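To start, the structure under review is shown below, and the notes come after it.
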Amino acid sequence: MLALLALALSPSTVPQEAIDTGPSHLGAYLSTTTGLPRPVAAAFGPSQGKPNALFVATRGDAARPPTIQVFEVSADPGRPTTGIGEVGAGRLERPVGLAVSDDGDVFVTDELQRMLWRFPSDGGDPVAAAGLATLTLPAGVDVTGSGEAQLIVVADPGAGSAKLFRGGSLTPTVIGEALLVRPRGACFIDGPDGTVQIAICDGATHRIHVFDLDGGDVVSFSQLGPHPSLLSGPSDVEFADGKIFVADRENHRVQAFDTGATIGELAYRFGVHAIRPGEGEGALHYPAALAVSGDGLLLALAEPMDDRVQLFGRAPGAEPVEDPSRAAIGPPAAHFGPSISGSGLYIATVSPESHQIQIHDLRGKEPAKISDVASYGTRFGMYRTPCATWLSSGGRSLLTVDEGNARLTRSLLRVQPQRPLNADPELAQHQDGVDLAAAAGRSFWPGAVTVLAPGDKNELTFITDRVTDSVLMLDRNLETIGTLAGDEESGPIRGIADLSPAALGTASTILVVDSGGQGGPGSPGGRILEFGPAGGLLRTFGEGVLVEPGGVTSRENQIWVTDRATDRVERFERKPGGAVEHTGGFGGRGLGPGQFHDPRGIHAMDDGRLIVLDHGNHRGQIFDPDHLTLIAGFGGRLYIEPLKSAATWVPLQLKRDQTEGEGR
């Protein structure tokens with residue numbers, strides 16, 4: 001077994017008095033609660049006479065709807081966590097943030113409903129604490145005080161700000177509008193002289209900002225990087241012990257920063273990137289949210305990608321003692337995705353860890369990386385948080401959508417398919433780009449991108465916008481010419497995840513992944529919308545089959561969709577006249593051929609190969625969909641070995657009745 005991080009002596013072997021009388025830290029591994037359907041947020045608070053019950057918001061899966069589960073937890077290592085209740089069943093669609101007041105009221109933000117809900121501790125009817133008029137795409141939430149003195153802060157990454165609500169008022173104070181880009185988590189902290197301040201983590205700028213209650217900027221600290229005190233995609237913040245605890249998501253760790261005279265100085269950190277599939281016991285995998293108990297003895301970390309919450313407690317010593325053997329293991333394999341595109345002999349993928357676009361050549365036995373495109377920054381030709389890419393013209397033209405800079409960049413790649421496979425660190429030459437907020441004339445949160453008729457005089461570029469759940473249409477000069485959106489008959493689009501061109505006879509169409517679909521509270525469901533090139537909605541399909549679709553691609557009359565909630569790839573077939581029918585699929589949670597863990601990007605190459613980014617398994621899989629076989633895998637060694645160990649590539653089972661229940 002790989003060595004794990006030695007955080008400190010376990011509290012089970014150290015008398016409590018040793019912790020009480022000397023310096024101690026919060027971050028010693030205690031236990032893990034597994035089998036949770038994608039836990040996305042956590043909070044401690046009173047429930048059923050337990051002063052420090054653990055509340056966990058789950059996103060749900062194919063069999064279990066979103067809800068908030070309540071547990072009794074203990075600071076004793078190895079003691080099992082006991083479920084004691086549930087909140088919000090049948091009301092939530094896609095919970096994101098969670099907080100519990102001192103009197104036990106539960107506050108939860110819902111991304112699809114764009115609401116902040118309050119579930120009263122007495123079991124009364126939930127009420128909308130804030131909604132569409134004040135929140136754009138809410139995320140983390142925190143609450144302090146009660147009655148007229150109660151304060152609620154909500155991070156609103158869709159608006160690039162946070163909202164502070166006082167004493168039940170629905171009119172907020174806007175916080176950080178000029179400084180924040182994509183705030184993910186927010187919490188109240190103790191300021192000087194008994195004042196209350198607000199700490200906010202920004203997932204796009206990789207910084208922590210502290211504001212006063214009037215919105216004044218107090219201080220900000222940290223920046224992008226893997227080294228101690230630096231952050232990568234921070235997703236949540238919490239306050240305890242006079243420290244700001246940060247879920248340093250893409251660095252797979254927690255960092256604690258002082259808030260005294262040396263505010264922003266690193267006090268300590270704990271957690272390392274899980275290397276083995278499913279590794280835990282202090283090894284982390286994209287921690288999305290954290291919570292600290294009111295007595296400061298417990299810290300919970302929610303990890304939706306591994307369906308678990310890890311619990312940490314106190315241990316003696318001012319900071320954890322690291323295991324030096326772990327550092328000698330070397331860095332774990334990078335993740336792939338969430339976006340992929342391909343053209344000719346090349347594919348382009350977003351690299352979350354490096355914040356670059358990776359270009360791979362497909363001529364080898366496995367895809368070989370030949371270049372990393374761009375570096376981190378805000379100037380033109382640099383990326384801050386790339387989220388999607390589109391490759392065309394035989395691999396020569398690259399579009400990149402940068403969420404952090406709200407920018408589309410167009411680059412020329414000097415690929416040479418007639419020459420032997422070779423790496424080129426200067427492969428890309430940036431040509432031009434567009435400020436998407438300026439192009440749309442409003443706040444813009446870009447997502448996926450695709451192109452119709454690349455290189456043609458009628459070339460069209462399509463970019464999704466999370467703020468309005470619509471698609472911006474640009475001409476070949478990157479000038480705005482229109483938008484795509486739902487209509488009265490089909491209903492609104494709720495959570496665009498991806499889009500891709502398709503062919504309908506001799507015409508081209510656009511497929512749009514609506515991850516929220518028309519499922520409604522308690523019954524999540526996704527769908528695909530198909531638009532004509534002029535913007536008219538032609539049809540929708542996938543209802544009742546897709547739960548939370550993540551990516552879409554097509555080739556000839558076949559359409560393939562990844563589903564993050566079921567870990568499957570679903571296949572649809574276009575029939576004469578244009579109607580689309582579900583014809584099966586394959587997958588399920590696992591490491592074997594044709595199995596996935598949070599599959600996202602998917603692309604059908606011109607030669608027929610189907611490439612799926614198996615994001616949670618640190619790999620990609622390449623299929624021959626016509627013969628239903630796996631051709632190859634690429635990525636992390638530990639994750640590729642289960643594919644190579646198969647004596648033969650086992651044909652994939654496509655009929656739905658043969659795969660029913662796999663991985664669900």
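Order determines the names: the first chain of the structure tokens is A, the second B, and so forth; residues in each chain are numbered 1 upward, and ligands are numbered 1 upward as they are shown.
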Item to check | Residue neighbourhood stretch 306-318 of chain A, 7 Å, only C-alpha atoms, exclusion window fewer than 6 positions, as a PyMOL selection string | outcome: chain A and resi 8-11+18-19+22-39+75+278+297-300
Keeping only N, CA and C atoms, write those residues as a compact mmCIF listing (two decimals), in the first residue's frame.
```txt
# COMPACT_ATOMS: atom_id res chain seq x y z
N ALA A 8 -0.62 13.47 12.04
CA ALA A 8 -0.14 13.59 13.41
C ALA A 8 -0.51 12.31 14.10
N LEU A 9 -0.10 12.16 15.38
CA LEU A 9 -0.52 10.98 16.12
C LEU A 9 -2.03 10.97 16.22
N SER A 10 -2.62 9.83 16.04
CA SER A 10 -4.08 9.72 16.10
C SER A 10 -4.58 10.09 17.47
N PRO A 11 -5.73 10.83 17.54
CA PRO A 11 -6.30 11.14 18.85
C PRO A 11 -6.62 9.92 19.67
N ALA A 18 -3.52 16.08 26.40
CA ALA A 18 -2.34 16.53 25.65
C ALA A 18 -2.73 17.52 24.57
N ILE A 19 -3.95 17.35 24.04
CA ILE A 19 -4.42 18.29 23.04
C ILE A 19 -4.88 19.58 23.69
N GLY A 22 -1.69 21.81 25.12
CA GLY A 22 -0.63 22.26 24.23
C GLY A 22 -1.19 22.72 22.90
N PRO A 23 -0.33 23.18 22.01
CA PRO A 23 -0.81 23.59 20.68
C PRO A 23 -1.39 22.39 19.94
N SER A 24 -2.41 22.67 19.17
CA SER A 24 -3.03 21.60 18.38
C SER A 24 -3.43 22.15 17.02
N HIS A 25 -3.72 21.24 16.10
CA HIS A 25 -4.16 21.63 14.78
C HIS A 25 -5.40 20.80 14.41
N LEU A 26 -6.13 21.28 13.45
CA LEU A 26 -7.33 20.61 12.98
C LEU A 26 -7.02 20.00 11.61
N GLY A 27 -6.94 18.67 11.55
CA GLY A 27 -6.60 18.05 10.26
C GLY A 27 -6.10 16.64 10.38
N ALA A 28 -6.41 15.95 11.49
CA ALA A 28 -6.00 14.55 11.66
C ALA A 28 -7.13 13.64 11.19
N TYR A 29 -6.85 12.76 10.28
CA TYR A 29 -7.89 11.91 9.68
C TYR A 29 -8.58 11.06 10.74
N LEU A 30 -9.93 11.00 10.66
CA LEU A 30 -10.72 10.20 11.59
C LEU A 30 -11.47 9.07 10.89
N SER A 31 -12.31 9.41 9.90
CA SER A 31 -13.16 8.39 9.29
C SER A 31 -13.68 8.88 7.95
N THR A 32 -14.31 7.96 7.21
CA THR A 32 -14.88 8.29 5.90
C THR A 32 -16.30 7.74 5.81
N THR A 33 -17.21 8.57 5.34
CA THR A 33 -18.57 8.13 5.03
C THR A 33 -18.67 7.98 3.52
N THR A 34 -18.89 6.76 3.04
CA THR A 34 -18.90 6.48 1.60
C THR A 34 -20.33 6.21 1.12
N GLY A 35 -20.45 6.02 -0.18
CA GLY A 35 -21.73 5.67 -0.76
C GLY A 35 -22.71 6.81 -0.88
N LEU A 36 -22.25 8.05 -0.73
CA LEU A 36 -23.12 9.21 -0.87
C LEU A 36 -23.21 9.59 -2.35
N PRO A 37 -24.39 9.88 -2.86
CA PRO A 37 -24.52 10.20 -4.29
C PRO A 37 -24.05 11.62 -4.60
N ARG A 38 -22.74 11.76 -4.78
CA ARG A 38 -22.09 13.01 -5.18
C ARG A 38 -22.34 14.14 -4.17
N PRO A 39 -21.73 14.04 -2.99
CA PRO A 39 -21.87 15.12 -2.00
C PRO A 39 -21.16 16.38 -2.46
N ALA A 75 -15.75 12.45 17.24
CA ALA A 75 -14.31 12.72 17.15
C ALA A 75 -13.48 11.49 17.48
N GLY A 278 -9.72 5.43 -5.64
CA GLY A 278 -10.49 5.30 -4.43
C GLY A 278 -9.71 5.48 -3.15
N LEU A 297 -13.81 21.02 16.82
CA LEU A 297 -13.13 19.74 16.96
C LEU A 297 -13.18 18.87 15.71
N LEU A 298 -14.05 19.21 14.76
CA LEU A 298 -14.24 18.37 13.59
C LEU A 298 -14.22 19.21 12.33
N LEU A 299 -13.67 18.64 11.27
CA LEU A 299 -13.67 19.24 9.94
C LEU A 299 -14.09 18.19 8.94
N ALA A 300 -15.07 18.50 8.11
CA ALA A 300 -15.58 17.56 7.10
C ALA A 300 -15.24 18.06 5.72
```
Item to check | Close residues, A:Glu265 itself excluded, 12 Å, only C-alpha atoms, min 3 positions apart in chain, as number ranges by chain | outcome: A: 208, 219-222, 228-230, 242-245, 255-262, 268-269
Would you give me, as CSV, each residue of stretch 21-75 of chain A having an atom within 10 Å of an atom of stretch 563-580 of chain A, along with its shortest atom pair and that distance in Å to one decimal, using only C-alpha atoms and sorting by chain and residue number?
```
residue,atom,partner,partner_atom,distance
A:Pro37,CA,A:Ala565,CA,8.8
A:Arg38,CA,A:Ala565,CA,8.7
A:Arg59,CA,A:Ala565,CA,9.0
A:Gly60,CA,A:Ala565,CA,7.6
A:Asp61,CA,A:Ala565,CA,4.9
A:Ala62,CA,A:Thr566,CA,6.0
A:Ala63,CA,A:Thr566,CA,9.1
```
Checklist entry - Which residues in stretch 1-220 of chain A does DSSP call helix (DSSP H, G or I)? List them as a ChimeraX atom specification. => result /A:16-21,147-149,192-194
Next on the checklist: Here is a test: counting only C-alpha atoms, which residue of A:Arg91, A:Arg476, A:His603, A:Arg396 is nearest to A:Gly433?
Outcome noted: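 Result for the nearest residue to A:Gly433: A:Arg476.
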Checklist entry - Taking the backbone alone, and naming residues the way the document does, which bits of stretch 245-465 of chain A are strand (DSSP E) by DSSP, as an MDAnalysis selection string? => result chainID A and resid 245:248 253:258 266:270 272:273 283:284 289:292 298:303 308:316 340:343 346:351 356:361 368:373 386:392 397:402 407:413 428:435 446:452 460:465
May I have the residues within 7 Å of stretch 152-157 of chain A as a compact mmCIF listing (two decimals) with C-alpha atoms, in the first residue's frame, using only C-alpha atoms and disregarding those fewer than 6 positions away in the same chain?
```
# COMPACT_ATOMS: atom_id res chain seq x y z
CA LEU A 135 -29.12 35.74 -7.42
CA THR A 136 -27.72 34.77 -10.80
CA LEU A 137 -26.03 31.41 -10.23
CA PRO A 138 -25.56 31.01 -6.46
CA ALA A 139 -22.88 28.80 -4.92
CA GLY A 140 -21.47 28.79 -1.35
CA VAL A 141 -23.45 30.23 1.55
CA ASP A 142 -22.82 31.04 5.23
CA VAL A 143 -25.02 32.33 8.05
CA THR A 144 -24.36 33.89 11.45
CA LYS A 163 -24.62 39.04 -1.82
CA LEU A 164 -25.04 39.94 1.87
CA PHE A 165 -28.56 39.71 3.34
CA ARG A 166 -29.31 41.30 6.74
CA VAL A 181 -14.68 36.82 -11.05
CA ARG A 182 -16.02 33.38 -10.06
CA PRO A 183 -16.53 33.36 -6.27
CA ARG A 184 -17.24 29.80 -5.12
CA GLY A 185 -17.33 29.86 -1.31
CA ALA A 186 -17.93 32.49 1.36
```
Checklist outcome for this item: Judged by only C-alpha atoms, the minimum distance to A:Ser232 among A:Gln356, A:Ser101, A:Gln113, A:Thr385 is found for A:Thr385
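Among the candidates A:Thr562, A:Gln518, A:Thr205, A:Ser354, the one nearest to A:Gly404 when counting only C-alpha atoms is A:Thr205.
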Next on the checklist: So that I can check the surroundings of A:Leu427, please list as a PyMOL selection string every protein, DNA and RNA residue that reaches within 7 Å of it, counting only C-alpha atoms and ignoring chain neighbours fewer than 5 positions away.
Outcome noted: chain A and resi 371+413-414
